[in-house]
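> Just passing along the structure, written as structure tokens.
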Amino acid sequence: MTEQNLLFLLMLLPFGCALLMLTLPRDAARGAALLAGLGMAGALLLLAGLAGPALGGQVIRTSMGWVPSLGLSVGLRLDGFAWMFATLVMAIGLLVVIYGHFYMEGKSGLPRFFALLMAFTGAMQGILLSGNILMMVVFWELTSIVSFLLIGFWHSGTAARDGARTALIITAMGGLCLLLAMLVIAHIVGSTDLDVVLAQGDEIRAHPLYGLVLTLFLLGAFTKSAQFPFHFWLPGAMAAPTPVSAFLHSATMVKAGVFLLIRFFPALGGTEAWFTVVTGAGMTTMVVGAVIALFRHDLKGLLAYSTVSHLGLITALAGIGSDGAILDAIFHICN
């Protein structure tokens with residue numbers, strides 16, 4: 001099987017598992033957990049098959065026509081950075097599925113729970129593997145929608161409903177800003193291809209609309225990664241079942257914002273405005289999160305603000321933007 005076919009299979013596998021789980025009976029908890037675990041493990045095997053070229057500096061690309069009349073296509077792109085992130089998502093996801101099987105034992109509707117977990121995994125993979133900036137925004141918003149359903153999975157509780165609603169409003173509004181930013185970028189460079197956008201950084205930074213693009217882009221990234229003053233949605237989202245909190249709000253979804261900052265640094269970073277705003281927001285978030293964590297006595301609240309603080313540190317490193325700072329940011333994402 002070619003590397004391009006492996007890439008398409010990697011993209012479709014989580015969504016395929018999610019659809020299969022929706023066909024299971026409501027009491028088929030063990031079958032749903034097994035299918036989710038096999039899906040995560042299968043994705044890790046596919047990533048292992050792509051490790052050689054991705055870690056060797058090769059960028060694997062493939063595309064398929066979507067709306068040919070409009071020139072739109074489904075483009076996938078995998079480099080070493082995306083490979084590392086995708087491996088983290090799948091490895092932690094496999095551990096969360098194993099834990100969730102025992103934690104959620106005896107609860108009703110578990111096939112739907114694991115189906116949503118796999119759908120979220122597929123949406124995260126879409127962000128990481130998208131070779132088209134508009135397709136990336138589609139998956140970005142899909143993570144917000146699926147996380148809303150996961151946070152409110154125990155919808156009988158007021159805290160879960162409120163947390164899900166707040167998270168959806170904040171992250172979806174940020175996603176709208178990100179969509180507008182991507183449309184303006186596409187207007188500036190004349191393409192929605194990620195490689196073209198990353199290669200045209202000088203043109204974007206010199207354009208009169210750069211300030212607008214940067215503002216909209218950072219609003220999208222900051223809302224998803226819970227940066228100050230948008231940090232308040234993350235503690236409320238901890239009302240979700242603990243496996244959801246572990247997977248979405250500590251390990252994957254909140255890291256999508258910092259992934260975006262690092263991914264688009266060649267196109268938008270390196271300016272005084274980028275340094276001032278991104279580093280300033282990151283340092284402020286790091287301090288605010290750490291101070292609030294000192295006064296929290298519930299474990300989930302402590303974890304939430306600790307996560308906010310560390311996300312602030314990663315964001316500040318992305319704002320500094322030197323080779324060493326970017327390397328440290330990637331290291332701390334893994335950490």
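In the structure tokens, chains take letters A, B, ... by order of appearance, with residues numbered from 1 within each chain and ligands from 1 in the order shown.
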Please provide as a PDB file with all heavy atoms, in the first residue's frame all residues within 12 Å of A:Ile169, with the sequence filter that same-chain residues fewer than 4 positions apart are discarded (counting only C-alpha atoms).

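Everything below was put into out-v6.pdb:
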```
ATOM      1  N   GLU A 141     -13.878  23.248  13.600  1.00  0.00           N
ATOM      2  CA  GLU A 141     -15.218  23.435  14.143  1.00  0.00           C
ATOM      3  C   GLU A 141     -15.860  22.111  14.547  1.00  0.00           C
ATOM      4  O   GLU A 141     -16.653  22.061  15.484  1.00  0.00           O
ATOM      5  CB  GLU A 141     -16.107  24.157  13.116  1.00  0.00           C
ATOM      6  CG  GLU A 141     -15.765  25.626  12.917  1.00  0.00           C
ATOM      7  CD  GLU A 141     -16.103  26.486  14.117  1.00  0.00           C
ATOM      8  OE1 GLU A 141     -15.585  26.218  15.225  1.00  0.00           O
ATOM      9  OE2 GLU A 141     -16.886  27.433  13.951  1.00  0.00           O
ATOM     10  N   SER A 144     -15.132  21.307  18.043  1.00  0.00           N
ATOM     11  CA  SER A 144     -15.970  22.067  18.973  1.00  0.00           C
ATOM     12  C   SER A 144     -17.340  21.419  19.141  1.00  0.00           C
ATOM     13  O   SER A 144     -17.871  21.322  20.254  1.00  0.00           O
ATOM     14  CB  SER A 144     -16.140  23.511  18.477  1.00  0.00           C
ATOM     15  OG  SER A 144     -14.909  24.184  18.416  1.00  0.00           O
ATOM     16  N   ILE A 145     -17.919  20.962  18.022  1.00  0.00           N
ATOM     17  CA  ILE A 145     -19.251  20.352  18.073  1.00  0.00           C
ATOM     18  C   ILE A 145     -19.220  19.033  18.833  1.00  0.00           C
ATOM     19  O   ILE A 145     -20.060  18.779  19.712  1.00  0.00           O
ATOM     20  CB  ILE A 145     -19.790  20.157  16.648  1.00  0.00           C
ATOM     21  CG1 ILE A 145     -20.025  21.506  15.966  1.00  0.00           C
ATOM     22  CG2 ILE A 145     -21.099  19.353  16.676  1.00  0.00           C
ATOM     23  CD1 ILE A 145     -20.312  21.410  14.495  1.00  0.00           C
ATOM     24  N   SER A 147     -16.926  17.975  20.949  1.00  0.00           N
ATOM     25  CA  SER A 147     -16.576  18.184  22.364  1.00  0.00           C
ATOM     26  C   SER A 147     -17.782  18.685  23.156  1.00  0.00           C
ATOM     27  O   SER A 147     -17.939  18.340  24.336  1.00  0.00           O
ATOM     28  CB  SER A 147     -15.412  19.165  22.488  1.00  0.00           C
ATOM     29  OG  SER A 147     -15.783  20.456  22.053  1.00  0.00           O
ATOM     30  N   PHE A 148     -18.652  19.472  22.521  1.00  0.00           N
ATOM     31  CA  PHE A 148     -19.894  19.904  23.171  1.00  0.00           C
ATOM     32  C   PHE A 148     -20.729  18.690  23.580  1.00  0.00           C
ATOM     33  O   PHE A 148     -21.261  18.625  24.693  1.00  0.00           O
ATOM     34  CB  PHE A 148     -20.675  20.801  22.213  1.00  0.00           C
ATOM     35  CG  PHE A 148     -22.113  21.034  22.601  1.00  0.00           C
ATOM     36  CD1 PHE A 148     -22.428  21.910  23.616  1.00  0.00           C
ATOM     37  CD2 PHE A 148     -23.144  20.373  21.948  1.00  0.00           C
ATOM     38  CE1 PHE A 148     -23.749  22.128  23.976  1.00  0.00           C
ATOM     39  CE2 PHE A 148     -24.463  20.582  22.298  1.00  0.00           C
ATOM     40  CZ  PHE A 148     -24.760  21.467  23.314  1.00  0.00           C
ATOM     41  N   ASP A 162     -24.071  23.459  31.408  1.00  0.00           N
ATOM     42  CA  ASP A 162     -23.501  24.803  31.364  1.00  0.00           C
ATOM     43  C   ASP A 162     -22.080  24.783  30.804  1.00  0.00           C
ATOM     44  O   ASP A 162     -21.700  25.649  30.003  1.00  0.00           O
ATOM     45  CB  ASP A 162     -23.500  25.427  32.761  1.00  0.00           C
ATOM     46  CG  ASP A 162     -24.910  25.741  33.259  1.00  0.00           C
ATOM     47  OD1 ASP A 162     -25.836  25.778  32.419  1.00  0.00           O
ATOM     48  OD2 ASP A 162     -25.072  25.956  34.470  1.00  0.00           O
ATOM     49  N   GLY A 163     -21.281  23.808  31.231  1.00  0.00           N
ATOM     50  CA  GLY A 163     -19.911  23.705  30.746  1.00  0.00           C
ATOM     51  C   GLY A 163     -19.858  23.445  29.254  1.00  0.00           C
ATOM     52  O   GLY A 163     -19.039  24.031  28.529  1.00  0.00           O
ATOM     53  N   ALA A 164     -20.739  22.568  28.772  1.00  0.00           N
ATOM     54  CA  ALA A 164     -20.781  22.252  27.343  1.00  0.00           C
ATOM     55  C   ALA A 164     -21.200  23.471  26.536  1.00  0.00           C
ATOM     56  O   ALA A 164     -20.621  23.775  25.482  1.00  0.00           O
ATOM     57  CB  ALA A 164     -21.741  21.094  27.095  1.00  0.00           C
ATOM     58  N   ARG A 165     -22.195  24.196  27.030  1.00  0.00           N
ATOM     59  CA  ARG A 165     -22.700  25.372  26.305  1.00  0.00           C
ATOM     60  C   ARG A 165     -21.631  26.471  26.237  1.00  0.00           C
ATOM     61  O   ARG A 165     -21.399  27.064  25.171  1.00  0.00           O
ATOM     62  CB  ARG A 165     -23.954  25.901  26.999  1.00  0.00           C
ATOM     63  CG  ARG A 165     -24.697  26.971  26.216  1.00  0.00           C
ATOM     64  CD  ARG A 165     -25.895  27.502  26.985  1.00  0.00           C
ATOM     65  NE  ARG A 165     -26.804  26.438  27.373  1.00  0.00           N
ATOM     66  CZ  ARG A 165     -27.015  26.054  28.641  1.00  0.00           C
ATOM     67  NH1 ARG A 165     -26.382  26.638  29.631  1.00  0.00           N
ATOM     68  NH2 ARG A 165     -27.863  25.072  28.909  1.00  0.00           N
ATOM     69  N   MET A 173     -17.116  30.574  18.322  1.00  0.00           N
ATOM     70  CA  MET A 173     -16.864  31.955  17.917  1.00  0.00           C
ATOM     71  C   MET A 173     -15.419  32.131  17.469  1.00  0.00           C
ATOM     72  O   MET A 173     -15.127  32.831  16.490  1.00  0.00           O
ATOM     73  CB  MET A 173     -17.188  32.912  19.073  1.00  0.00           C
ATOM     74  CG  MET A 173     -18.673  33.033  19.372  1.00  0.00           C
ATOM     75  SD  MET A 173     -19.629  33.704  17.995  1.00  0.00           S
ATOM     76  CE  MET A 173     -19.022  35.384  17.964  1.00  0.00           C
ATOM     77  N   GLY A 174     -14.511  31.483  18.180  1.00  0.00           N
ATOM     78  CA  GLY A 174     -13.123  31.511  17.759  1.00  0.00           C
ATOM     79  C   GLY A 174     -12.939  30.853  16.406  1.00  0.00           C
ATOM     80  O   GLY A 174     -12.141  31.312  15.574  1.00  0.00           O
ATOM     81  N   GLY A 175     -13.681  29.778  16.155  1.00  0.00           N
ATOM     82  CA  GLY A 175     -13.612  29.103  14.869  1.00  0.00           C
ATOM     83  C   GLY A 175     -14.105  29.988  13.736  1.00  0.00           C
ATOM     84  O   GLY A 175     -13.557  29.946  12.622  1.00  0.00           O
ATOM     85  N   LEU A 176     -15.128  30.802  14.006  1.00  0.00           N
ATOM     86  CA  LEU A 176     -15.615  31.740  12.996  1.00  0.00           C
ATOM     87  C   LEU A 176     -14.532  32.772  12.657  1.00  0.00           C
ATOM     88  O   LEU A 176     -14.313  33.100  11.481  1.00  0.00           O
ATOM     89  CB  LEU A 176     -16.879  32.441  13.501  1.00  0.00           C
ATOM     90  CG  LEU A 176     -17.501  33.486  12.569  1.00  0.00           C
ATOM     91  CD1 LEU A 176     -17.892  32.874  11.234  1.00  0.00           C
ATOM     92  CD2 LEU A 176     -18.711  34.143  13.241  1.00  0.00           C
ATOM     93  N   THR A 223      -8.851  31.130  21.747  1.00  0.00           N
ATOM     94  CA  THR A 223     -10.072  30.586  22.340  1.00  0.00           C
ATOM     95  C   THR A 223      -9.966  29.077  22.512  1.00  0.00           C
ATOM     96  O   THR A 223     -10.372  28.527  23.548  1.00  0.00           O
ATOM     97  CB  THR A 223     -11.298  30.916  21.475  1.00  0.00           C
ATOM     98  OG1 THR A 223     -11.039  30.538  20.112  1.00  0.00           O
ATOM     99  CG2 THR A 223     -11.617  32.390  21.527  1.00  0.00           C
ATOM    100  N   LYS A 224      -9.402  28.384  21.519  1.00  0.00           N
ATOM    101  CA  LYS A 224      -9.309  26.924  21.608  1.00  0.00           C
ATOM    102  C   LYS A 224      -8.298  26.488  22.671  1.00  0.00           C
ATOM    103  O   LYS A 224      -8.517  25.485  23.365  1.00  0.00           O
ATOM    104  CB  LYS A 224      -8.911  26.354  20.251  1.00  0.00           C
ATOM    105  CG  LYS A 224      -8.945  24.831  20.184  1.00  0.00           C
ATOM    106  CD  LYS A 224     -10.361  24.301  20.072  1.00  0.00           C
ATOM    107  CE  LYS A 224     -10.852  24.328  18.654  1.00  0.00           C
ATOM    108  NZ  LYS A 224     -12.177  23.706  18.492  1.00  0.00           N
ATOM    109  N   PHE A 230      -9.884  34.146  27.573  1.00  0.00           N
ATOM    110  CA  PHE A 230     -10.854  33.121  27.180  1.00  0.00           C
ATOM    111  C   PHE A 230     -10.659  31.825  27.958  1.00  0.00           C
ATOM    112  O   PHE A 230     -11.201  30.792  27.578  1.00  0.00           O
ATOM    113  CB  PHE A 230     -10.721  32.836  25.679  1.00  0.00           C
ATOM    114  CG  PHE A 230     -10.782  34.053  24.805  1.00  0.00           C
ATOM    115  CD1 PHE A 230      -9.646  34.544  24.181  1.00  0.00           C
ATOM    116  CD2 PHE A 230     -11.982  34.727  24.626  1.00  0.00           C
ATOM    117  CE1 PHE A 230      -9.700  35.679  23.388  1.00  0.00           C
ATOM    118  CE2 PHE A 230     -12.047  35.864  23.839  1.00  0.00           C
ATOM    119  CZ  PHE A 230     -10.899  36.346  23.215  1.00  0.00           C
ATOM    120  N   PHE A 232     -11.714  30.842  30.826  1.00  0.00           N
ATOM    121  CA  PHE A 232     -12.720  30.427  31.808  1.00  0.00           C
ATOM    122  C   PHE A 232     -13.557  29.241  31.357  1.00  0.00           C
ATOM    123  O   PHE A 232     -14.208  28.590  32.172  1.00  0.00           O
ATOM    124  CB  PHE A 232     -13.641  31.610  32.152  1.00  0.00           C
ATOM    125  CG  PHE A 232     -14.355  32.194  30.960  1.00  0.00           C
ATOM    126  CD1 PHE A 232     -15.580  31.683  30.551  1.00  0.00           C
ATOM    127  CD2 PHE A 232     -13.797  33.243  30.251  1.00  0.00           C
ATOM    128  CE1 PHE A 232     -16.231  32.216  29.447  1.00  0.00           C
ATOM    129  CE2 PHE A 232     -14.449  33.783  29.149  1.00  0.00           C
ATOM    130  CZ  PHE A 232     -15.671  33.270  28.743  1.00  0.00           C
ATOM    131  N   TRP A 233     -13.572  28.927  30.034  1.00  0.00           N
ATOM    132  CA  TRP A 233     -14.409  27.808  29.587  1.00  0.00           C
ATOM    133  C   TRP A 233     -13.818  26.455  29.993  1.00  0.00           C
ATOM    134  O   TRP A 233     -14.557  25.475  30.166  1.00  0.00           O
ATOM    135  CB  TRP A 233     -14.627  27.856  28.083  1.00  0.00           C
ATOM    136  CG  TRP A 233     -13.420  27.544  27.225  1.00  0.00           C
ATOM    137  CD1 TRP A 233     -12.585  28.444  26.656  1.00  0.00           C
ATOM    138  CD2 TRP A 233     -12.938  26.246  26.837  1.00  0.00           C
ATOM    139  NE1 TRP A 233     -11.600  27.796  25.933  1.00  0.00           N
ATOM    140  CE2 TRP A 233     -11.802  26.450  26.037  1.00  0.00           C
ATOM    141  CE3 TRP A 233     -13.375  24.938  27.090  1.00  0.00           C
ATOM    142  CZ2 TRP A 233     -11.075  25.398  25.489  1.00  0.00           C
ATOM    143  CZ3 TRP A 233     -12.652  23.883  26.541  1.00  0.00           C
ATOM    144  CH2 TRP A 233     -11.523  24.125  25.749  1.00  0.00           C
TER     145      TRP A 233
END
```
> Please report, as a PyMOL selection string, each residue of stretch 151-273 of chain A to which DSSP assigns helix (DSSP H, G or I) when run on this structure's backbone.
chain A and resi 151+158-189+194-199+201-206+210-224+233-237+242-263+265-268+272-273
> What's the separation between atom CA of A:Phe222 and atom CA of A:Leu44, in Å to one decimal place?
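These two atoms are separated by 29.1 Å.
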> Please return, as JSON, numbers by chain, all residues of stretch 10-246 of chain A that DSSP assigns to strand (DSSP E) on the basis of the backbone.
{"A": [60, 61, 62, 63, 64, 65, 66, 67, 72, 73, 74, 75, 76, 77, 78]}
> Need to verify the contact set: A:Leu313, 7 Å, only C-alpha atoms, exclusion of same-chain residues closer than 4 positions in sequence. Can you return it as a list in words?
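The residues satisfying every condition are Gly282, Met283, Met286, Ser309 and Leu317 of chain A.
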> Please determine, counting only C-alpha atoms, which residue among A:Ala240, A:Met118, A:Ala181, A:Val189 has the shortest atom-to-atom distance to A:Phe153.
A:Ala240
> For stretch 94-99 of chain A, find every residue with an atom within 10 Å (counting only C-alpha atoms), except residues of its own chain fewer than 3 positions away, and show them as a VMD selection string.
chain A and resid 32 to 41 43 to 44 88 to 91 102 to 104 114 117 to 118 242 to 247
> From the list A:Gly109, A:Gly321, A:Pro53, A:Gly236, which residue is nearest A:Trp274 when using only C-alpha atoms?
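Selected residue with least distance to A:Trp274: A:Gly321.
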> Taking only C-alpha atoms into account, which of A:Thr276, A:Gln4, A:Asn335, A:Ser225 comes nearest A:Ala304?
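Closest candidate: A:Ser225.
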> Neighbours of A:Leu294 within 12 Å (only C-alpha atoms; same-chain residues fewer than 6 positions away dropped), as a count of residues only?
9
